[in-house]
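K.L.:
So here's protein26.txt (compact mmCIF, C-alpha atoms and all ligand atoms).
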```
# COMPACT_ATOMS: atom_id res chain seq x y z
CA MET A 159 37.93 0.29 21.22
CA PRO A 160 35.62 3.28 21.19
CA LEU A 161 32.52 4.55 22.91
CA GLU A 162 30.13 4.32 20.04
CA GLY A 163 26.54 5.24 19.26
CA ARG A 164 25.11 3.75 16.08
CA HIS A 165 21.89 4.79 14.34
CA LEU A 166 20.69 6.42 17.55
CA GLY A 167 17.14 7.72 17.77
CA PHE A 168 15.36 9.26 20.73
CA ARG A 169 12.00 10.89 21.52
CA TYR A 170 10.64 12.17 24.82
CA SER A 171 7.41 10.37 25.87
CA GLY A 172 5.68 10.04 22.52
CA GLY A 173 6.81 13.47 21.27
CA PRO A 174 8.62 14.08 17.98
CA TRP A 175 12.00 12.56 17.29
CA VAL A 176 14.67 14.65 18.99
CA LEU A 177 17.49 12.65 17.44
CA ARG A 178 17.43 10.17 14.61
CA ASN A 179 20.02 8.11 12.78
CA ILE A 180 22.92 9.57 14.75
CA ASP A 181 26.33 7.91 14.55
CA ILE A 182 29.02 9.01 16.96
CA SER A 183 32.29 7.52 18.08
CA VAL A 184 34.97 8.61 20.55
CA GLU A 185 38.20 6.66 20.91
CA ARG A 186 40.22 6.19 24.09
CA GLY A 187 42.64 9.06 24.50
CA GLU A 188 40.69 11.33 22.18
CA ILE A 189 39.21 14.72 23.10
CA VAL A 190 36.23 15.42 20.89
CA GLY A 191 34.05 18.52 20.77
CA LEU A 192 30.29 18.32 20.19
CA ALA A 193 28.65 21.52 18.97
CA GLY A 194 25.27 22.42 17.58
CA PRO A 195 22.45 24.87 18.04
CA SER A 196 20.37 25.01 21.20
CA GLY A 197 17.74 22.29 21.31
CA ARG A 198 19.45 20.08 18.69
CA GLY A 199 19.78 17.22 21.19
CA LYS A 200 23.37 17.42 22.47
CA SER A 201 22.43 16.81 26.12
CA THR A 202 20.04 14.04 25.12
CA LEU A 203 22.85 12.37 23.18
CA ALA A 204 25.19 12.83 26.15
CA ARG A 205 22.70 11.13 28.46
CA MET A 206 22.33 8.17 26.10
CA LEU A 207 26.08 7.74 25.78
CA ALA A 208 26.40 7.77 29.58
CA GLY A 209 23.54 5.30 30.04
CA TYR A 210 21.12 7.75 31.71
CA GLU A 211 18.62 7.34 28.83
CA GLN A 212 17.93 4.32 26.65
CA PRO A 213 17.85 5.02 22.91
CA HIS A 214 14.57 4.19 21.15
CA GLU A 215 16.53 3.26 18.06
CA GLY A 216 20.11 2.13 17.69
CA THR A 217 22.72 1.06 20.19
CA VAL A 218 25.43 2.41 22.46
CA ARG A 219 28.52 0.22 22.77
CA LEU A 220 31.64 0.55 24.87
CA ASP A 221 34.50 -1.60 23.62
CA GLY A 222 31.91 -3.46 21.56
CA GLN A 223 29.74 -4.32 24.59
CA ALA A 224 26.48 -2.89 25.94
CA LEU A 225 26.97 -0.35 28.76
CA PRO A 226 27.00 -1.99 32.19
CA GLU A 227 23.73 -1.74 34.14
CA SER A 228 25.28 -1.81 37.60
CA GLY A 229 28.54 -1.08 39.38
CA TYR A 230 30.86 1.84 38.72
CA HIS A 231 29.95 3.35 35.36
CA PRO A 232 32.93 3.68 33.00
CA VAL A 233 31.24 6.55 31.14
CA GLN A 234 30.85 9.48 33.52
CA LEU A 235 28.72 12.53 32.77
CA VAL A 236 29.32 15.93 34.35
CA PHE A 237 26.77 18.56 33.45
CA GLN A 238 26.27 22.26 33.94
CA HIS A 239 24.45 22.33 37.28
CA PRO A 240 26.50 20.74 40.09
CA GLU A 241 23.82 21.56 42.66
CA LYS A 242 21.51 19.09 40.85
CA ALA A 243 24.17 16.38 40.88
CA VAL A 244 24.81 16.16 44.64
CA ASN A 245 22.82 15.08 47.67
CA PRO A 246 22.34 18.28 49.72
CA ARG A 247 22.27 16.28 52.97
CA LEU A 248 25.76 14.82 52.58
CA SER A 249 29.03 16.50 53.51
CA MET A 250 31.38 17.26 50.63
CA ARG A 251 33.76 14.57 51.90
CA ARG A 252 31.04 11.93 51.55
CA ILE A 253 29.94 13.26 48.17
CA LEU A 254 33.50 13.20 46.89
CA ASN A 255 34.07 9.66 48.10
CA GLU A 256 30.84 8.23 46.67
CA GLY A 257 32.56 6.44 43.79
CA TRP A 258 36.22 6.41 44.82
CA GLU A 259 38.57 8.22 47.22
CA PRO A 260 40.67 10.87 45.50
CA ASP A 261 43.85 11.57 47.46
CA ARG A 262 45.05 14.98 48.51
CA ALA A 263 47.28 15.48 45.46
CA PHE A 264 44.36 14.73 43.16
CA ARG A 265 42.08 17.08 45.10
CA THR A 266 44.69 19.81 44.95
CA SER A 267 45.12 19.38 41.20
CA LEU A 268 41.45 20.32 40.83
CA GLY A 269 41.77 23.22 43.26
CA ILE A 270 39.71 21.59 46.03
CA ALA A 271 40.58 23.24 49.37
CA GLU A 272 40.83 20.90 52.36
CA GLU A 273 38.49 23.03 54.47
CA TRP A 274 35.68 22.52 51.96
CA LEU A 275 35.52 18.79 52.74
CA SER A 276 33.62 19.28 55.99
CA ARG A 277 31.08 21.67 54.42
CA TYR A 278 27.71 20.91 52.82
CA PRO A 279 26.80 21.69 49.19
CA ASN A 280 24.89 24.88 50.08
CA GLU A 281 28.05 26.21 51.76
CA LEU A 282 30.05 26.23 48.51
CA SER A 283 29.94 28.33 45.36
CA GLY A 284 28.88 26.75 42.06
CA GLY A 285 32.48 26.64 40.86
CA GLU A 286 33.72 25.08 44.09
CA LEU A 287 30.95 22.49 43.95
CA GLN A 288 31.69 21.68 40.31
CA ARG A 289 35.30 20.82 41.19
CA PHE A 290 33.94 18.08 43.46
CA CYS A 291 31.67 16.76 40.72
CA VAL A 292 34.59 16.64 38.29
CA ALA A 293 36.85 14.88 40.81
CA ARG A 294 34.09 12.39 41.66
CA ALA A 295 33.68 11.54 37.98
CA LEU A 296 37.37 10.77 37.42
CA GLY A 297 37.69 7.53 39.36
CA PRO A 298 40.30 4.96 38.28
CA ASP A 299 37.66 2.92 36.42
CA THR A 300 36.42 5.87 34.35
CA ARG A 301 37.16 5.32 30.67
CA TYR A 302 35.16 8.19 29.16
CA LEU A 303 34.15 11.60 30.46
CA ILE A 304 31.24 13.48 28.93
CA ALA A 305 31.43 17.14 29.87
CA ASP A 306 28.09 18.78 29.04
CA GLU A 307 28.61 22.54 29.47
CA MET A 308 30.74 21.51 32.46
CA THR A 309 32.41 24.88 33.03
CA THR A 310 29.86 27.19 31.44
CA MET A 311 28.93 28.98 34.66
CA LEU A 312 32.50 29.49 35.81
CA ASP A 313 34.78 32.50 35.41
CA ALA A 314 37.59 32.23 32.85
CA ILE A 315 40.35 31.54 35.38
CA THR A 316 38.46 28.75 37.15
CA GLN A 317 37.41 27.32 33.79
CA ALA A 318 41.02 27.23 32.60
CA GLN A 319 42.21 25.67 35.87
CA ILE A 320 39.63 22.88 35.79
CA TRP A 321 40.20 22.10 32.11
CA SER A 322 43.95 22.07 32.49
CA ALA A 323 43.65 19.46 35.27
CA VAL A 324 41.06 17.38 33.40
CA ILE A 325 42.98 17.34 30.12
CA GLY A 326 46.18 16.40 31.99
CA ILE A 327 44.40 13.46 33.65
CA ALA A 328 42.73 12.44 30.39
CA ARG A 329 46.03 12.41 28.49
CA GLU A 330 47.79 10.52 31.27
CA ARG A 331 45.10 7.84 31.57
CA GLN A 332 44.11 7.79 27.90
CA LEU A 333 40.52 8.71 28.72
CA GLY A 334 38.15 9.63 25.92
CA VAL A 335 36.48 12.99 26.52
CA LEU A 336 33.41 14.42 24.80
CA VAL A 337 33.19 18.17 25.37
CA ILE A 338 29.78 19.77 24.76
CA SER A 339 29.86 23.55 24.67
CA HIS A 340 28.51 26.62 22.92
CA GLU A 341 31.91 28.26 23.39
CA ARG A 342 33.75 27.77 20.12
CA ARG A 343 37.02 29.10 21.51
CA LEU A 344 36.98 26.57 24.32
CA LEU A 345 36.29 23.72 21.89
CA ASP A 346 39.00 24.88 19.49
CA ARG A 347 41.50 25.07 22.33
CA LEU A 348 40.70 21.69 23.91
CA CYS A 349 39.62 19.30 21.23
CA ASP A 350 41.44 17.02 18.80
CA ARG A 351 38.41 17.07 16.49
CA MET A 352 34.86 18.41 16.30
CA ILE A 353 31.46 16.88 15.65
CA GLU A 354 28.59 19.12 14.53
CA LEU A 355 25.13 17.91 15.49
N1 LIG A 401 12.56 15.88 29.60
C1 LIG A 401 12.18 16.34 28.39
N2 LIG A 401 10.90 16.17 27.97
C2 LIG A 401 10.52 16.60 26.75
N3 LIG A 401 11.33 17.21 25.87
C3 LIG A 401 12.61 17.41 26.24
C4 LIG A 401 13.10 16.99 27.51
N4 LIG A 401 14.41 17.33 27.60
C5 LIG A 401 14.71 17.93 26.44
N5 LIG A 401 13.64 17.97 25.62
C6 LIG A 401 13.59 18.52 24.26
O1 LIG A 401 14.51 17.78 23.46
C7 LIG A 401 15.19 18.63 22.55
C8 LIG A 401 16.69 18.46 22.72
O2 LIG A 401 17.06 18.92 24.03
P1 LIG A 401 18.58 18.88 24.52
O3 LIG A 401 18.62 19.43 25.89
O4 LIG A 401 19.11 17.52 24.29
O5 LIG A 401 19.25 19.89 23.47
P2 LIG A 401 20.67 20.62 23.50
O6 LIG A 401 21.22 20.56 22.12
O7 LIG A 401 21.51 20.04 24.60
O8 LIG A 401 20.24 22.09 23.86
P3 LIG A 401 21.07 23.29 24.60
O9 LIG A 401 22.23 23.61 23.69
O10 LIG A 401 20.07 24.39 24.64
O11 LIG A 401 21.48 22.79 25.95
C9 LIG A 401 14.70 20.04 22.82
O12 LIG A 401 13.72 20.36 21.84
C10 LIG A 401 14.07 19.96 24.19
O13 LIG A 401 12.99 20.86 24.31
```
Let me see the structure of the file written as structure tokens.

P.N.:
Amino acid sequence: MPLEGRHLGFRYSGGPWVLRNIDISVERGEIVGLAGPSGRGKSTLARMLAGYEQPHEGTVRLDGQALPESGYHPVQLVFQHPEKAVNPRLSMRRILNEGWEPDRAFRTSLGIAEEWLSRYPNELSGGELQRFCVARALGPDTRYLIADEMTTMLDAITQAQIWSAVIGIARERQLGVLVISHERRLLDRLCDRMIEL
């Protein structure tokens, strides 16, 4: 059963409609690209699908049910700015273990060095920090990953390393992945199909 948005509409605090009558569906095990011009509403759609925003029209369903309001969220969103997604006062070990406890092999697969665990977010580069955010999002109860410009600020080698690990995990666990990017080549390389917004 898919992650599905039907007839979605959204506006920011009384402003114009940002999205209207949007239908989108991602199946388990599918890697789907979402492209569209800047400002079209891709991030807004991503936040609705992950339960961060409530649609003003339409519904989001996971396996035919409303998204859960508490507990571990089966739809995880990783966005472009890892520094905005972590508590600066927590060590990286605590941040990593917020939702689940990835073992050493899992950490290594995402290129997380053991000595980074005792550091704080401001003691890591953006790319190093993003590896933690990706690992944190891939707990055993994750069913869908929404990657909103997840590797945009990273160099090509780091980007390839992270995506290779994520796609491997997604294929193994039959996760659905929605990849939002302005980089056509990345989308063409990763995705089973494309949606244009
Ligand atoms: N918090 C907000 N308050 C008001 N308007 C917003 C807010 N966030 C986004 N918008 C507006 O909503 C529209 C869609 O923004 P969104 O970030 O979803 O687009 P996007 O397709 O992801 O853009 P980009 O490709 O540039 O990241 C834009 O016109 C933006 O200005």

K.L.:
Return as a short mmCIF file (atom, residue, chain, number, x, y, z; two decimals) with C-alpha atoms, in the coordinates of the input the residues of protein, DNA or RNA that approach ligand LIG 401 (chain A) to within 6 Å, with only C-alpha atoms and all ligand atoms taken into account.

P.N.:
```cif
data_model
loop_
_atom_site.label_atom_id
_atom_site.label_comp_id
_atom_site.auth_asym_id
_atom_site.auth_seq_id
_atom_site.Cartn_x
_atom_site.Cartn_y
_atom_site.Cartn_z
CA TYR A 170 10.64 12.17 24.82
CA VAL A 176 14.67 14.65 18.99
CA PRO A 195 22.45 24.87 18.04
CA SER A 196 20.37 25.01 21.20
CA GLY A 197 17.74 22.29 21.31
CA ARG A 198 19.45 20.08 18.69
CA GLY A 199 19.78 17.22 21.19
CA LYS A 200 23.37 17.42 22.47
CA SER A 201 22.43 16.81 26.12
CA THR A 202 20.04 14.04 25.12
#
```

K.L.:
Determine, counting only C-alpha atoms, which protein, DNA and RNA residues have an atom within 10 Å of an atom of Glu259 (chain A); residues of the same chain fewer than 6 positions away are not included. Present the result as a PyMOL selection string.

P.N.:
chain A and resi 251-252+265+293-294+297-298

K.L.:
Residues within 8 Å of Leu303 (chain A), please, as a list in words. Count only C-alpha atoms; anything in the same chain fewer than 3 positions from it doesn't count.

P.N.:
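Residues meeting the cut-off are Val233, Gln234, Leu235, Val236, Ala295, Leu296, Thr300, Leu333, Gly334, Val335 and Leu336 of chain A.
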
K.L.:
Deliver the residues from the most recent selection as a file, using C-alpha atoms, as a CSV table (one decimal), in the coordinates of the input.

P.N.:
```csv
chain,number,residue,atom,x,y,z
A,233,VAL,CA,31.2,6.6,31.1
A,234,GLN,CA,30.8,9.5,33.5
A,235,LEU,CA,28.7,12.5,32.8
A,236,VAL,CA,29.3,15.9,34.4
A,295,ALA,CA,33.7,11.5,38.0
A,296,LEU,CA,37.4,10.8,37.4
A,300,THR,CA,36.4,5.9,34.4
A,333,LEU,CA,40.5,8.7,28.7
A,334,GLY,CA,38.2,9.6,25.9
A,335,VAL,CA,36.5,13.0,26.5
A,336,LEU,CA,33.4,14.4,24.8
```

K.L.:
Of the residues A:Ile315, A:Val190, A:Ala323, A:Leu161, which is the one nearest to Ala224 (chain A), using all atoms listed in the file?

P.N.:
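Smallest separation from Ala224 (chain A) among the options: A:Leu161.
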
K.L.:
For region 203-212 of chain A, work out the shell of residues within 9 Å, counting all atoms listed in the file and skipping chain neighbours fewer than 2 positions away, then give it as number ranges by chain.

P.N.:
A: 161-163, 166, 168, 177, 180, 199-201, 214-215, 217-219, 225-227, 231-235, 302-306, 336, 338

K.L.:
Tell me, as a list in words, which residues lie within 9 Å of Arg331 (chain A), counting all atoms listed in the file; anything in the same chain fewer than 5 positions away does not count.

P.N.:
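Returned residues: Gly187, Pro298, Arg301 and Gly326 of chain A.
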
K.L.:
Please measure the separation of CA of Arg247 (chain A) and CA of Arg289 (chain A), giving the value in Å to one decimal.

P.N.:
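Computing the Euclidean distance for CA of Arg247 (chain A) and CA of Arg289 (chain A) yields 18.1 Å.
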
K.L.:
Which distance in Å separates CA of Cys291 (chain A) and CA of Ala263 (chain A), to one decimal?

P.N.:
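Separating CA of Cys291 (chain A) from CA of Ala263 (chain A) is a distance of 16.4 Å.
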
K.L.:
Determine the nearest neighbour of Met159 (chain A) from the options A:Ser171, A:Asn280, A:Ser183, A:Ser339, counting all atoms listed in the file.

P.N.:
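Residue with the minimum atom-to-atom distance to Met159 (chain A): A:Ser183.
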
K.L.:
Which residue out of A:Leu254, A:Val244, A:Leu268, A:Leu287 has the minimum interatomic distance to Ser322 (chain A) when all atoms listed in the file are used?

P.N.:
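Among the listed residues, the smallest separation from Ser322 (chain A) belongs to A:Leu268.
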
K.L.:
In terms of the shortest atom-to-atom distance over all atoms listed in the file, which of A:Gly284, A:Pro279, A:Pro260, A:Gly229 is closest to Pro246 (chain A)?

P.N.:
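So, comparing all the options, the nearest one is A:Pro279.
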
K.L.:
Which residue out of A:Val184, A:Cys349, A:Leu344, A:Leu275 has the minimum interatomic distance to Thr310 (chain A) when all atoms listed in the file are used?

P.N.:
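Looking at the shortest contact to Thr310 (chain A), the residue is A:Leu344.
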
K.L.:
Just give me the gap between CA of Phe264 (chain A) and CA of Lys242 (chain A) in Å, one decimal is fine.

P.N.:
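CA of Lys242 (chain A) lies 23.4 Å from CA of Phe264 (chain A).
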
K.L.:
From the list A:His239, A:Arg343, A:Arg164, A:Arg178, which residue is nearest Val292 (chain A) when using all atoms listed in the file?

P.N.:
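Of A:His239, A:Arg343, A:Arg164, A:Arg178, the one nearest Val292 (chain A) is A:His239, counting all atoms listed in the file.
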